[in-house]
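Engineer: Got a structure for you, run.txt, holding compact mmCIF, C-alpha atoms.
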# COMPACT_ATOMS: atom_id res chain seq x y z
CA MET Y 69 32.25 69.00 2.85
CA SER Y 70 30.34 66.64 5.14
CA LEU Y 71 27.25 68.82 4.75
CA LEU Y 72 26.85 67.46 1.22
CA LYS Y 73 26.21 64.06 2.80
CA ASP Y 74 23.10 65.46 4.45
CA ARG Y 75 20.10 64.62 2.25
CA ASN Y 76 18.17 67.84 2.85
CA PHE Y 77 21.14 70.12 2.31
CA LEU Y 78 22.25 68.20 -0.79
CA LEU Y 79 18.78 68.64 -2.29
CA LEU Y 80 18.86 72.36 -1.58
CA PHE Y 81 22.40 72.64 -2.94
CA ALA Y 82 21.59 70.78 -6.17
CA GLY Y 83 18.19 72.38 -6.72
CA GLN Y 84 19.42 75.93 -6.27
CA GLY Y 85 22.46 75.27 -8.44
CA ILE Y 86 20.10 74.18 -11.21
CA SER Y 87 17.91 77.23 -10.62
CA ARG Y 88 20.84 79.66 -10.75
CA PHE Y 89 22.06 78.04 -13.96
CA GLY Y 90 18.67 78.88 -15.44
CA ASP Y 91 18.85 82.42 -14.10
CA GLY Y 92 22.21 82.98 -15.77
CA LEU Y 93 20.97 81.53 -19.05
CA TYR Y 94 17.78 83.60 -18.92
CA THR Y 95 19.68 86.82 -18.19
CA ALA Y 96 21.90 86.31 -21.23
CA ALA Y 97 19.01 85.15 -23.43
CA THR Y 98 16.77 88.13 -22.64
CA ALA Y 99 19.63 90.60 -23.21
CA TRP Y 100 20.34 89.01 -26.58
CA LEU Y 101 16.65 88.88 -27.45
CA ALA Y 102 16.24 92.58 -26.62
CA TRP Y 103 19.18 93.37 -28.89
CA SER Y 104 17.91 91.15 -31.73
CA LEU Y 105 14.47 92.79 -31.57
CA THR Y 106 15.69 96.40 -31.59
CA LYS Y 107 19.47 96.61 -32.28
CA ASP Y 108 19.35 99.29 -29.57
CA PRO Y 109 21.58 99.12 -26.45
CA THR Y 110 19.01 101.20 -24.57
CA ALA Y 111 16.53 98.38 -24.99
CA VAL Y 112 19.00 95.96 -23.41
CA ALA Y 113 19.39 98.35 -20.47
CA VAL Y 114 15.61 98.64 -20.07
CA VAL Y 115 15.23 94.86 -19.95
CA SER Y 116 18.05 94.65 -17.39
CA VAL Y 117 16.43 97.29 -15.18
CA SER Y 118 13.07 95.48 -15.44
CA ALA Y 119 14.72 92.47 -13.80
CA PHE Y 120 15.77 94.48 -10.73
CA ALA Y 121 13.16 97.21 -10.18
CA PRO Y 122 10.27 94.89 -9.17
CA ALA Y 123 12.55 92.98 -6.79
CA PHE Y 124 13.61 96.25 -5.17
CA VAL Y 125 9.99 97.22 -4.60
CA ALA Y 126 8.51 93.84 -3.65
CA THR Y 127 11.15 91.66 -1.99
CA PHE Y 128 10.86 92.96 1.57
CA VAL Y 129 7.05 92.91 1.48
CA ALA Y 130 6.97 89.44 -0.12
CA ALA Y 131 9.43 88.14 2.46
CA SER Y 132 6.76 88.62 5.12
CA TYR Y 133 4.84 85.72 3.59
CA ALA Y 134 7.99 83.57 3.85
CA ASP Y 135 7.96 84.24 7.60
CA ARG Y 136 4.23 83.64 8.04
CA ARG Y 137 3.79 80.70 5.66
CA ASP Y 138 5.52 77.41 4.98
CA ARG Y 139 8.78 78.48 3.29
CA ARG Y 140 9.22 75.20 1.47
CA LYS Y 141 5.74 75.32 -0.10
CA LEU Y 142 6.19 78.99 -0.98
CA MET Y 143 9.44 78.20 -2.84
CA ILE Y 144 7.73 75.39 -4.78
CA ALA Y 145 4.77 77.62 -5.70
CA THR Y 146 7.12 80.39 -6.82
CA ASP Y 147 9.09 78.04 -9.06
CA LEU Y 148 5.95 76.61 -10.65
CA ALA Y 149 4.53 80.08 -11.28
CA ARG Y 150 7.76 81.07 -13.00
CA VAL Y 151 7.56 77.95 -15.17
CA ALA Y 152 4.13 79.14 -16.36
CA VAL Y 153 5.43 82.63 -17.21
CA VAL Y 154 8.43 81.27 -19.13
CA ALA Y 155 6.14 78.84 -20.99
CA VAL Y 156 3.90 81.71 -22.11
CA ALA Y 157 6.95 83.71 -23.22
CA SER Y 158 8.22 80.71 -25.19
CA VAL Y 159 4.88 80.34 -26.99
CA LEU Y 160 4.78 84.06 -27.80
CA LEU Y 161 8.32 83.86 -29.17
CA SER Y 162 7.47 80.87 -31.36
CA LEU Y 163 4.50 82.82 -32.77
CA ASN Y 164 6.69 85.93 -33.36
CA LEU Y 165 4.52 87.89 -30.95
CA LEU Y 166 7.15 88.59 -28.28
CA ASN Y 167 8.04 92.25 -28.84
CA LEU Y 168 10.08 94.52 -26.55
CA PRO Y 169 7.19 95.70 -24.32
CA LEU Y 170 6.08 92.09 -23.76
CA LEU Y 171 9.68 91.05 -23.05
CA VAL Y 172 10.03 93.82 -20.47
CA ALA Y 173 6.68 92.85 -18.92
CA THR Y 174 7.67 89.16 -18.80
CA THR Y 175 11.02 89.92 -17.18
CA ALA Y 176 9.38 92.22 -14.63
CA LEU Y 177 6.69 89.64 -13.86
CA LEU Y 178 9.31 86.93 -13.28
CA ALA Y 179 11.16 89.24 -10.90
CA LEU Y 180 7.93 90.08 -9.07
CA ILE Y 181 6.88 86.43 -8.72
CA GLY Y 182 10.37 85.46 -7.59
CA ALA Y 183 10.58 88.20 -4.93
CA PRO Y 184 9.90 85.92 -1.92
CA PHE Y 185 12.08 83.06 -3.20
CA ALA Y 186 15.58 84.15 -2.16
CA PRO Y 187 14.57 85.29 1.37
CA ALA Y 188 12.66 82.02 1.86
CA ARG Y 189 15.61 79.97 0.58
CA ASN Y 190 18.14 81.69 2.83
CA ALA Y 191 15.75 81.55 5.78
CA ILE Y 192 15.15 77.82 5.38
CA VAL Y 193 18.88 77.03 5.75
CA PRO Y 194 18.84 77.28 9.60
CA GLN Y 195 15.95 74.79 9.59
CA ILE Y 196 18.25 72.29 7.83
CA VAL Y 197 21.72 73.13 9.17
CA PRO Y 198 22.94 73.54 12.80
CA ASP Y 199 24.01 77.04 13.85
CA ASP Y 200 27.69 76.11 13.97
CA ARG Y 201 27.57 74.98 10.31
CA LEU Y 202 25.77 77.99 8.86
CA GLN Y 203 28.88 79.64 7.43
CA GLN Y 204 29.95 76.41 5.74
CA ALA Y 205 26.44 75.90 4.39
CA ASN Y 206 26.25 79.43 2.99
CA GLY Y 207 29.71 79.06 1.49
CA LEU Y 208 28.75 75.85 -0.30
CA LEU Y 209 25.48 77.35 -1.52
CA GLN Y 210 27.34 80.38 -2.87
CA VAL Y 211 29.70 78.03 -4.72
CA ALA Y 212 26.66 76.46 -6.40
CA PHE Y 213 25.02 79.84 -7.08
CA ARG Y 214 28.08 81.56 -8.51
CA ALA Y 215 29.38 78.63 -10.54
CA ALA Y 216 25.98 77.81 -12.01
CA PHE Y 217 25.16 81.45 -12.82
CA PHE Y 218 28.58 81.78 -14.47
CA VAL Y 219 28.01 78.67 -16.61
CA GLY Y 220 24.47 79.68 -17.62
CA PRO Y 221 25.44 82.42 -20.11
CA LEU Y 222 28.11 80.14 -21.63
CA MET Y 223 25.33 77.74 -22.70
CA LEU Y 224 23.57 80.40 -24.77
CA ALA Y 225 25.99 80.06 -27.71
CA PRO Y 226 25.54 76.28 -28.22
CA LEU Y 227 21.79 76.57 -27.68
CA LEU Y 228 21.59 79.25 -30.38
CA ALA Y 229 23.91 77.29 -32.66
CA PHE Y 230 21.98 74.02 -32.43
CA GLY Y 231 18.55 75.34 -31.48
CA SER Y 232 16.99 78.77 -30.97
CA LEU Y 233 16.15 81.38 -28.38
CA GLN Y 234 12.98 79.43 -27.76
CA SER Y 235 15.06 76.40 -26.73
CA ALA Y 236 16.93 78.62 -24.25
CA LEU Y 237 13.60 79.61 -22.68
CA VAL Y 238 12.54 75.95 -22.55
CA VAL Y 239 15.75 75.01 -20.75
CA ASN Y 240 15.18 77.87 -18.31
CA GLY Y 241 11.68 76.57 -17.56
CA LEU Y 242 13.07 73.08 -16.97
CA THR Y 243 15.52 74.47 -14.40
CA PHE Y 244 12.61 75.92 -12.43
CA LEU Y 245 10.93 72.51 -12.52
CA GLY Y 246 14.16 70.90 -11.30
CA SER Y 247 14.39 73.40 -8.45
CA ALA Y 248 10.76 72.78 -7.46
CA ALA Y 249 11.28 69.01 -7.48
CA ALA Y 250 14.40 69.27 -5.30
CA VAL Y 251 12.69 71.56 -2.78
CA ALA Y 252 9.62 69.29 -2.71
CA ALA Y 253 11.86 66.38 -1.68
CA ILE Y 254 13.30 68.27 1.30
CA ARG Y 255 11.96 67.18 4.66
CA VAL Y 256 12.03 70.06 7.09
CA THR Y 257 10.05 70.92 10.20
CA ARG Y 258 8.27 74.23 9.96
CA PRO Y 259 9.09 76.58 12.88
CA ALA Y 260 6.37 76.85 15.50
CA PRO Y 261 4.04 79.75 14.63
CA THR Y 262 4.01 82.81 16.86
CA SER Y 263 0.93 83.36 18.98
CA GLY Y 264 -1.95 85.10 17.28
CA GLN Y 265 -2.55 86.10 13.69
CA THR Y 266 -0.35 88.92 12.42
CA GLY Y 267 -1.32 91.14 9.51
CA LEU Y 268 1.08 92.07 6.73
CA TRP Y 269 1.90 95.60 7.83
CA SER Y 270 2.14 94.67 11.50
CA ASP Y 271 4.51 91.88 10.59
CA LEU Y 272 6.66 94.18 8.43
CA SER Y 273 6.83 96.76 11.23
CA ALA Y 274 7.83 94.08 13.74
CA GLY Y 275 10.50 92.86 11.34
CA LEU Y 276 12.00 96.33 10.97
CA ARG Y 277 12.04 96.76 14.74
CA THR Y 278 13.83 93.44 15.09
CA VAL Y 279 16.52 94.49 12.61
CA ARG Y 280 16.95 97.80 14.45
CA ALA Y 281 17.34 95.80 17.68
CA ALA Y 282 20.36 94.07 16.09
CA PRO Y 283 22.42 97.13 15.07
CA ASP Y 284 25.41 95.09 13.92
CA VAL Y 285 23.16 93.38 11.37
CA LEU Y 286 21.82 96.75 10.22
CA VAL Y 287 25.35 98.18 9.83
CA VAL Y 288 26.50 95.23 7.73
CA ILE Y 289 23.42 95.32 5.48
CA VAL Y 290 23.65 99.09 4.89
CA THR Y 291 27.39 98.82 4.20
CA PHE Y 292 26.83 96.02 1.69
CA VAL Y 293 24.13 97.89 -0.24
CA LEU Y 294 26.04 101.19 -0.41
CA ALA Y 295 29.30 99.48 -1.37
CA LEU Y 296 27.58 97.44 -4.07
CA ALA Y 297 26.11 100.61 -5.57
CA LEU Y 298 29.59 102.16 -5.62
CA THR Y 299 31.40 99.19 -7.16
CA ASN Y 300 29.25 96.82 -9.19
CA GLY Y 301 28.85 99.06 -12.23
CA PHE Y 302 32.62 99.33 -12.56
CA LEU Y 303 32.82 95.58 -13.16
CA THR Y 304 30.72 96.02 -16.32
CA VAL Y 305 30.64 99.63 -17.55
CA GLY Y 306 34.06 100.53 -16.16
CA LEU Y 307 35.81 97.35 -17.30
CA VAL Y 308 34.61 97.88 -20.86
CA ALA Y 309 36.27 101.30 -20.83
CA VAL Y 310 39.50 99.84 -19.43
CA VAL Y 311 40.06 96.97 -21.89
CA GLY Y 312 38.29 98.28 -24.99
CA GLN Y 313 38.21 94.80 -26.56
CA GLY Y 314 35.31 92.37 -26.41
CA GLY Y 315 37.44 89.25 -26.12
CA GLN Y 316 39.54 90.58 -23.26
CA TYR Y 317 36.41 91.94 -21.56
CA GLY Y 318 34.75 88.54 -21.56
CA LEU Y 319 37.92 86.83 -20.37
CA LEU Y 320 38.39 89.26 -17.46
CA LEU Y 321 34.76 88.89 -16.41
CA GLY Y 322 35.33 85.15 -16.43
CA VAL Y 323 38.43 85.56 -14.24
CA ALA Y 324 36.43 87.59 -11.72
CA GLY Y 325 33.63 85.01 -11.74
CA VAL Y 326 35.98 82.06 -11.20
CA ALA Y 327 37.71 83.94 -8.36
CA GLU Y 328 34.35 84.45 -6.64
CA VAL Y 329 33.61 80.72 -6.90
CA VAL Y 330 37.05 79.85 -5.49
CA GLY Y 331 36.59 82.39 -2.69
CA ALA Y 332 33.23 80.89 -1.74
CA LEU Y 333 34.75 77.40 -1.76
CA LEU Y 334 37.60 78.51 0.51
CA LEU Y 335 35.20 80.19 2.93
CA ALA Y 336 33.14 77.00 3.15
CA GLY Y 337 36.15 75.36 4.81
CA LEU Y 338 36.97 78.20 7.22
CA ARG Y 339 35.36 79.35 10.45
CA ILE Y 340 35.03 83.10 10.86
CA ARG Y 341 34.27 84.10 14.42
CA ARG Y 342 33.66 87.82 13.85
CA LEU Y 343 31.20 87.70 11.02
CA ALA Y 344 30.17 91.37 11.02
CA LEU Y 345 33.75 92.62 11.08
CA ALA Y 346 34.81 90.25 8.29
CA ALA Y 347 31.87 91.31 6.11
CA VAL Y 348 32.65 95.04 6.28
CA LEU Y 349 36.44 94.77 6.09
CA ALA Y 350 36.11 92.64 2.95
CA TRP Y 351 34.80 95.75 1.20
CA ALA Y 352 37.95 97.63 2.19
CA LEU Y 353 40.04 94.85 0.65
CA LEU Y 354 37.91 94.95 -2.50
CA GLY Y 355 38.26 98.73 -2.72
CA ILE Y 356 42.05 98.61 -2.36
CA PHE Y 357 42.45 96.20 -5.28
CA ARG Y 358 39.71 97.80 -7.41
CA ALA Y 359 41.10 101.37 -7.15
CA PRO Y 360 44.13 100.95 -9.50
CA LEU Y 361 42.21 98.92 -12.09
CA GLY Y 362 41.48 101.98 -14.20
CA THR Y 363 45.18 102.72 -14.66
CA VAL Y 364 46.43 99.30 -15.78
CA THR Y 365 47.43 98.62 -19.37
CA SER Y 366 48.28 94.93 -19.06
CA PRO Y 367 45.51 92.31 -19.18
CA ALA Y 368 47.62 90.14 -16.88
CA VAL Y 369 47.74 92.83 -14.19
CA ALA Y 370 44.01 93.44 -14.60
CA ALA Y 371 43.41 89.70 -14.16
CA VAL Y 372 45.43 89.68 -10.92
CA LEU Y 373 43.47 92.64 -9.53
CA LEU Y 374 40.14 91.09 -10.54
CA THR Y 375 41.16 87.80 -8.93
CA ALA Y 376 41.82 89.63 -5.67
CA THR Y 377 38.51 91.51 -5.83
CA GLY Y 378 36.66 88.31 -6.72
CA LEU Y 379 38.04 86.57 -3.64
CA ALA Y 380 37.10 89.60 -1.50
CA SER Y 381 33.61 89.66 -3.01
CA ALA Y 382 32.91 86.17 -1.67
CA LEU Y 383 33.82 87.43 1.80
CA THR Y 384 31.27 90.26 1.67
CA ASP Y 385 28.06 88.23 1.53
CA ILE Y 386 28.72 84.78 3.02
CA PRO Y 387 29.46 86.12 6.55
CA LEU Y 388 26.57 88.58 6.16
CA ILE Y 389 24.03 85.83 5.50
CA ALA Y 390 25.36 83.70 8.37
CA LEU Y 391 25.26 86.72 10.70
CA VAL Y 392 21.62 87.46 9.86
CA GLN Y 393 20.69 83.78 10.24
CA GLN Y 394 22.25 83.70 13.70
CA ARG Y 395 21.15 87.08 15.01
CA ILE Y 396 17.55 87.33 13.78
CA PRO Y 397 14.77 85.09 15.20
CA SER Y 398 13.25 82.62 12.76
CA HIS Y 399 9.85 84.31 12.49
CA HIS Y 400 11.49 87.52 11.22
CA LEU Y 401 14.43 85.96 9.39
CA ALA Y 402 13.04 86.07 5.84
CA LYS Y 403 12.12 89.75 6.24
CA ALA Y 404 15.64 90.64 7.39
CA LEU Y 405 17.10 88.75 4.45
CA GLY Y 406 14.45 90.28 2.19
CA LEU Y 407 15.51 93.75 3.30
CA TRP Y 408 19.04 92.89 2.21
CA GLU Y 409 17.87 91.38 -1.09
CA ALA Y 410 15.75 94.46 -1.84
CA GLY Y 411 18.73 96.70 -1.15
CA VAL Y 412 20.88 94.56 -3.45
CA ALA Y 413 18.31 94.86 -6.25
CA GLY Y 414 18.22 98.63 -5.84
CA ALA Y 415 22.01 98.88 -5.79
CA LEU Y 416 22.32 96.73 -8.92
CA ALA Y 417 19.79 98.94 -10.69
CA ILE Y 418 21.63 102.21 -10.03
CA SER Y 419 25.25 101.03 -9.99
CA PRO Y 420 25.77 101.18 -13.79
CA PHE Y 421 24.58 104.79 -13.77
CA VAL Y 422 26.92 105.60 -10.86
CA ALA Y 423 29.87 104.13 -12.78
CA SER Y 424 29.02 105.76 -16.11
CA THR Y 425 28.49 109.19 -14.49
CA ALA Y 426 31.77 108.96 -12.58
CA ILE Y 427 33.67 107.94 -15.73
CA THR Y 428 32.09 110.75 -17.75
CA LEU Y 429 32.93 113.41 -15.16
CA ALA Y 430 36.33 112.21 -13.92
CA GLY Y 431 37.71 109.87 -16.57
CA VAL Y 432 38.28 106.11 -16.29
CA ALA Y 433 41.38 106.14 -14.07
CA ASN Y 434 40.10 108.74 -11.62
CA ALA Y 435 36.66 107.15 -11.48
CA PHE Y 436 38.14 103.80 -10.42
CA LEU Y 437 40.33 105.51 -7.83
CA LEU Y 438 37.37 107.45 -6.42
CA SER Y 439 35.21 104.31 -6.29
CA GLY Y 440 37.91 102.31 -4.51
CA ALA Y 441 38.64 105.10 -2.04
CA ALA Y 442 34.94 105.63 -1.30
CA VAL Y 443 34.47 101.93 -0.51
CA VAL Y 444 37.52 101.88 1.77
CA VAL Y 445 36.20 104.92 3.67
CA LEU Y 446 32.77 103.28 3.90
CA ALA Y 447 34.29 100.06 5.28
CA VAL Y 448 36.39 101.91 7.85
CA THR Y 449 33.34 103.92 8.94
CA ALA Y 450 31.32 100.72 9.30
CA THR Y 451 34.13 99.13 11.34
CA LEU Y 452 34.20 102.06 13.75
CA THR Y 453 30.40 101.97 13.97
CA LEU Y 454 30.50 98.26 14.84
CA ALA Y 455 33.03 99.02 17.57
CA CYS Y 456 30.70 101.66 19.03
CA VAL Y 457 27.72 99.31 18.77
CA GLY Y 458 29.60 96.53 20.56
CA ALA Y 459 30.75 98.89 23.30
CA ARG Y 460 27.21 100.14 23.94
CA GLN Y 461 25.52 96.74 24.13
CA PRO Y 462 25.56 95.35 27.68
CA GLY Y 463 27.30 92.02 28.02
CA ARG Y 464 28.91 92.16 24.61
CA GLU Y 465 32.42 93.06 23.56
CA PRO Y 466 33.17 95.20 20.51
CA PHE Y 467 33.28 92.93 17.43
CA ALA Y 468 31.75 90.10 19.48
CA ALA Y 469 32.18 86.64 18.04
CA ALA Y 470 29.27 84.94 16.35
CA ASP Y 471 29.10 82.21 19.02
CA GLY Y 472 26.18 82.79 21.32
CA THR Y 473 24.75 85.75 19.43
CA ALA Y 474 21.52 83.93 18.70
CA SER Y 475 20.63 84.12 22.38
CA VAL Y 476 21.28 87.88 22.33
CA ALA Y 477 18.99 88.26 19.34
CA ALA Y 478 16.32 86.21 21.06
CA SER Y 479 16.43 88.36 24.19
CA GLU Y 480 16.25 91.53 22.09
CA GLU Y 481 13.28 90.14 20.18
CA THR Y 482 11.57 89.20 23.45
CA ALA Y 483 11.90 92.81 24.57
CA VAL Y 484 10.47 94.03 21.26
CA ILE Y 485 7.50 91.68 21.46
CA ALA Y 486 6.85 92.64 25.08
CA ALA Y 487 6.72 96.29 24.06
CA GLU Y 488 4.18 95.70 21.30
CA PRO Y 489 0.55 96.54 22.11
CA GLU Y 490 -1.99 93.73 22.15
In structure tokens, write the structure found in this file.
Structural biologist:
Amino acid sequence: MSLLKDRNFLLLFAGQGISRFGDGLYTAATAWLAWSLTKDPTAVAVVSVSAFAPAFVATFVAASYADRRDRRKLMIATDLARVAVVAVASVLLSLNLLNLPLLVATTALLALIGAPFAPARNAIVPQIVPDDRLQQANGLLQVAFRAAFFVGPLMLAPLLAFGSLQSALVVNGLTFLGSAAAVAAIRVTRPAPTSGQTGLWSDLSAGLRTVRAAPDVLVVIVTFVLALALTNGFLTVGLVAVVGQGGQYGLLLGVAGVAEVVGALLLAGLRIRRLALAAVLAWALLGIFRAPLGTVTSPAVAAVLLTATGLASALTDIPLIALVQQRIPSHHLAKALGLWEAGVAGALAISPFVASTAITLAGVANAFLLSGAAVVVLAVTATLTLACVGARQPGREPFAAADGTASVAASEETAVIAAEPE
């Protein structure tokens, strides 16, 4: 854990932990507020979708600004803008003017403003951490993200008991201020700008070409997004149908969340040489343990299976982020990560509908089996694709290790830039 002794990384770690705590609290608070305003579960779903749909549309485009502007300043500006939106929402709530349409609009606006934040945050890590420490850095950051997001909803009950929903919004605004202060204290050298001024659409096109020039990155991102769409809804919609009791449901979700935190912590201390292969095979492991979940009748067995899938879940994204950070040049890094973030937002938006449709048509047990089997097939297909990609790339072995891949990415990007017209 020597990275935590580095001032810049410690500030990023602490600031983003605070921010994710606020995100978790805000997610729970808005869901509860939607329910208290309408007593309609559809309203809760609409608010949830409003948190993902803008990110799906805007993240990749917004990430271009994180590549062409100072990432640190962009993160600070984003946090301060979100403070302003939450402050307005808090005032409206105190005046009893915050109805469902305004809540949906506020949630969507926060998602839209925050679109460039995650790509900029993940892209700034290589400016702080050496290449050989990227996996450890991402593992530690995921520990902060997952643990803080998990704790956030737990704070809603005491805040409601001793305060109000308005106090929850105030706390959320303070977490954005804490994040902005931490990022402002980071001292990082901005990467040297590329020659010439690049417009938005030209930059986006160049970013897409760069991702296509790193096919292993593209395979891992596509696999992640498709697998998430096939599985995430079963952790909420499907698990409700399995346990049928609110107390057990909350406990099992907590088990899965703790397992993800532990998995991220373990990965921070390991060194994975074949990042792409690890990222896709983790989905196969997740699918194997998720498939029988719909047939279990014992909460203890369900907890064991969810622990295994939680550990596997940590292995799906930490190697992915490190792979992208190593393989994609800095001036296109935020866009590549933004492409992934946009795909994640889209997958999260449709995954509950995938799960509910599968359960309606096939029943709970069969739906879980089909989901698990589909993810295993997807992971195996991605593994074979990576083998073909490695075999076709000159000078690289199938499943090439992460060491030295940055130079490959740089040479590929040089070829792309050389091919671009003046």
Engineer: Show me a table, sorted first by chain and then by increasing residue number, of the residues of range 382-406 of chain Y having an atom at most 7 Å from range 332-348 of chain Y, each with its shortest atom pair and the distance in Å to one decimal, counting all atoms listed in the file and written as CSV.
Structural biologist:
residue,atom,partner,partner_atom,distance
Y:Ala382,CA,Y:Ala332,CA,5.3
Y:Leu383,CA,Y:Ala347,CA,6.1
Y:Thr384,CA,Y:Ala347,CA,4.6
Y:Asp385,CA,Y:Ala347,CA,6.7
Y:Pro387,CA,Y:Leu343,CA,5.1
Y:Leu388,CA,Y:Ala347,CA,6.0
Y:Leu391,CA,Y:Leu343,CA,6.0
Engineer: Would you output that residue set with C-alpha atoms, as a PDB file, in the frame of the given file?
Structural biologist:
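Once written, out.pdb looks like this:
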ATOM      1  CA  ALA Y 382      32.910  86.170  -1.670  1.00  0.00           C
ATOM      2  CA  LEU Y 383      33.820  87.430   1.800  1.00  0.00           C
ATOM      3  CA  THR Y 384      31.270  90.260   1.670  1.00  0.00           C
ATOM      4  CA  ASP Y 385      28.060  88.230   1.530  1.00  0.00           C
ATOM      5  CA  PRO Y 387      29.460  86.120   6.550  1.00  0.00           C
ATOM      6  CA  LEU Y 388      26.570  88.580   6.160  1.00  0.00           C
ATOM      7  CA  LEU Y 391      25.260  86.720  10.700  1.00  0.00           C
TER       8      LEU Y 391
END
Engineer: In Å to one decimal, how far is CA of Asn206 in chain Y from CA of Val330 in chain Y?
Structural biologist: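 So the two atoms, CA of Val330 in chain Y and CA of Asn206 in chain Y, lie 13.7 Å apart.
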Engineer: Just give me the gap between CA of Phe436 in chain Y and CA of Thr304 in chain Y in Å, one decimal is fine.
Structural biologist: 12.3 Å
Engineer: Just the residues within 12 Å of Val444 in chain Y, please, counting all atoms listed in the file, with nothing from its chain fewer than 2 positions along; format it as an NGL selection string.
Structural biologist: :Y and (291 or 294-295 or 298-299 or 348-359 or 437-442 or 446-451)
Engineer: Given the choices Y:Pro397, Y:Gly90, Y:Gly458, Y:Gly331, which gets closest to Gly207 in chain Y if the distance is worked out from only C-alpha atoms?
Structural biologist: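 The answer is Y:Gly331, which sits nearest to Gly207 in chain Y.
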Engineer: Within 12 Å of range 151-157 of chain Y, counting all atoms listed in the file, which residues qualify if same-chain residues fewer than 2 places away don't, as an mmCIF file with C-alpha atoms, in the frame of the given file?
Structural biologist:
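The resulting file, part17.cif, is reproduced below:
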data_model
loop_
_atom_site.group_PDB
_atom_site.id
_atom_site.type_symbol
_atom_site.label_atom_id
_atom_site.label_comp_id
_atom_site.auth_asym_id
_atom_site.auth_seq_id
_atom_site.Cartn_x
_atom_site.Cartn_y
_atom_site.Cartn_z
ATOM 1 C CA SER Y 87 17.910 77.230 -10.620
ATOM 2 C CA GLY Y 90 18.670 78.880 -15.440
ATOM 3 C CA ASP Y 91 18.850 82.420 -14.100
ATOM 4 C CA TYR Y 94 17.780 83.600 -18.920
ATOM 5 C CA THR Y 98 16.770 88.130 -22.640
ATOM 6 C CA LEU Y 101 16.650 88.880 -27.450
ATOM 7 C CA ILE Y 144 7.730 75.390 -4.780
ATOM 8 C CA ALA Y 145 4.770 77.620 -5.700
ATOM 9 C CA THR Y 146 7.120 80.390 -6.820
ATOM 10 C CA ASP Y 147 9.090 78.040 -9.060
ATOM 11 C CA LEU Y 148 5.950 76.610 -10.650
ATOM 12 C CA ALA Y 149 4.530 80.080 -11.280
ATOM 13 C CA VAL Y 159 4.880 80.340 -26.990
ATOM 14 C CA LEU Y 160 4.780 84.060 -27.800
ATOM 15 C CA LEU Y 161 8.320 83.860 -29.170
ATOM 16 C CA SER Y 162 7.470 80.870 -31.360
ATOM 17 C CA LEU Y 163 4.500 82.820 -32.770
ATOM 18 C CA ASN Y 164 6.690 85.930 -33.360
ATOM 19 C CA LEU Y 165 4.520 87.890 -30.950
ATOM 20 C CA LEU Y 166 7.150 88.590 -28.280
ATOM 21 C CA ASN Y 167 8.040 92.250 -28.840
ATOM 22 C CA LEU Y 168 10.080 94.520 -26.550
ATOM 23 C CA LEU Y 170 6.080 92.090 -23.760
ATOM 24 C CA LEU Y 171 9.680 91.050 -23.050
ATOM 25 C CA VAL Y 172 10.030 93.820 -20.470
ATOM 26 C CA ALA Y 173 6.680 92.850 -18.920
ATOM 27 C CA THR Y 174 7.670 89.160 -18.800
ATOM 28 C CA THR Y 175 11.020 89.920 -17.180
ATOM 29 C CA ALA Y 176 9.380 92.220 -14.630
ATOM 30 C CA LEU Y 177 6.690 89.640 -13.860
ATOM 31 C CA LEU Y 178 9.310 86.930 -13.280
ATOM 32 C CA ALA Y 179 11.160 89.240 -10.900
ATOM 33 C CA LEU Y 180 7.930 90.080 -9.070
ATOM 34 C CA ILE Y 181 6.880 86.430 -8.720
ATOM 35 C CA GLY Y 182 10.370 85.460 -7.590
ATOM 36 C CA LEU Y 233 16.150 81.380 -28.380
ATOM 37 C CA GLN Y 234 12.980 79.430 -27.760
ATOM 38 C CA SER Y 235 15.060 76.400 -26.730
ATOM 39 C CA ALA Y 236 16.930 78.620 -24.250
ATOM 40 C CA LEU Y 237 13.600 79.610 -22.680
ATOM 41 C CA VAL Y 238 12.540 75.950 -22.550
ATOM 42 C CA VAL Y 239 15.750 75.010 -20.750
ATOM 43 C CA ASN Y 240 15.180 77.870 -18.310
ATOM 44 C CA GLY Y 241 11.680 76.570 -17.560
ATOM 45 C CA LEU Y 242 13.070 73.080 -16.970
ATOM 46 C CA THR Y 243 15.520 74.470 -14.400
ATOM 47 C CA PHE Y 244 12.610 75.920 -12.430
ATOM 48 C CA LEU Y 245 10.930 72.510 -12.520
ATOM 49 C CA GLY Y 246 14.160 70.900 -11.300
ATOM 50 C CA SER Y 247 14.390 73.400 -8.450
ATOM 51 C CA ALA Y 248 10.760 72.780 -7.460
#
Engineer: Between CA of Pro187 in chain Y and CA of Thr257 in chain Y, what is the spacing in Å?
Structural biologist: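 The value is 17.5 Å.
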Engineer: Ranking Y:Ala183, Y:Val445, Y:Ala455, Y:Ala368 by minimum distance to Arg150 in chain Y and counting all atoms listed in the file, which one comes first?
Structural biologist: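 Residue with the minimum atom-to-atom distance to Arg150 in chain Y: Y:Ala183.
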Engineer: Measuring atom to atom with only C-alpha atoms, identify which of Y:Phe230, Y:Asp135, Y:Gln84, Y:Ala281 is nearest to Val457 in chain Y.
Structural biologist: Y:Ala281
Engineer: Between Y:Ser70, Y:Ser273, Y:Ser398, Y:Ser381, single out the one closest to Leu208 in chain Y, counting only C-alpha atoms.
Structural biologist: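 Using only C-alpha atoms, the shortest distance to Leu208 in chain Y belongs to Y:Ser70.
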Engineer: Which of these, Y:Thr377, Y:Ser366, Y:Thr266, Y:Ser118, has the shortest distance to Thr95 in chain Y once you count all atoms listed in the file?
Structural biologist: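 Once distances to Thr95 in chain Y are computed over all atoms listed in the file, the minimum belongs to Y:Ser118.
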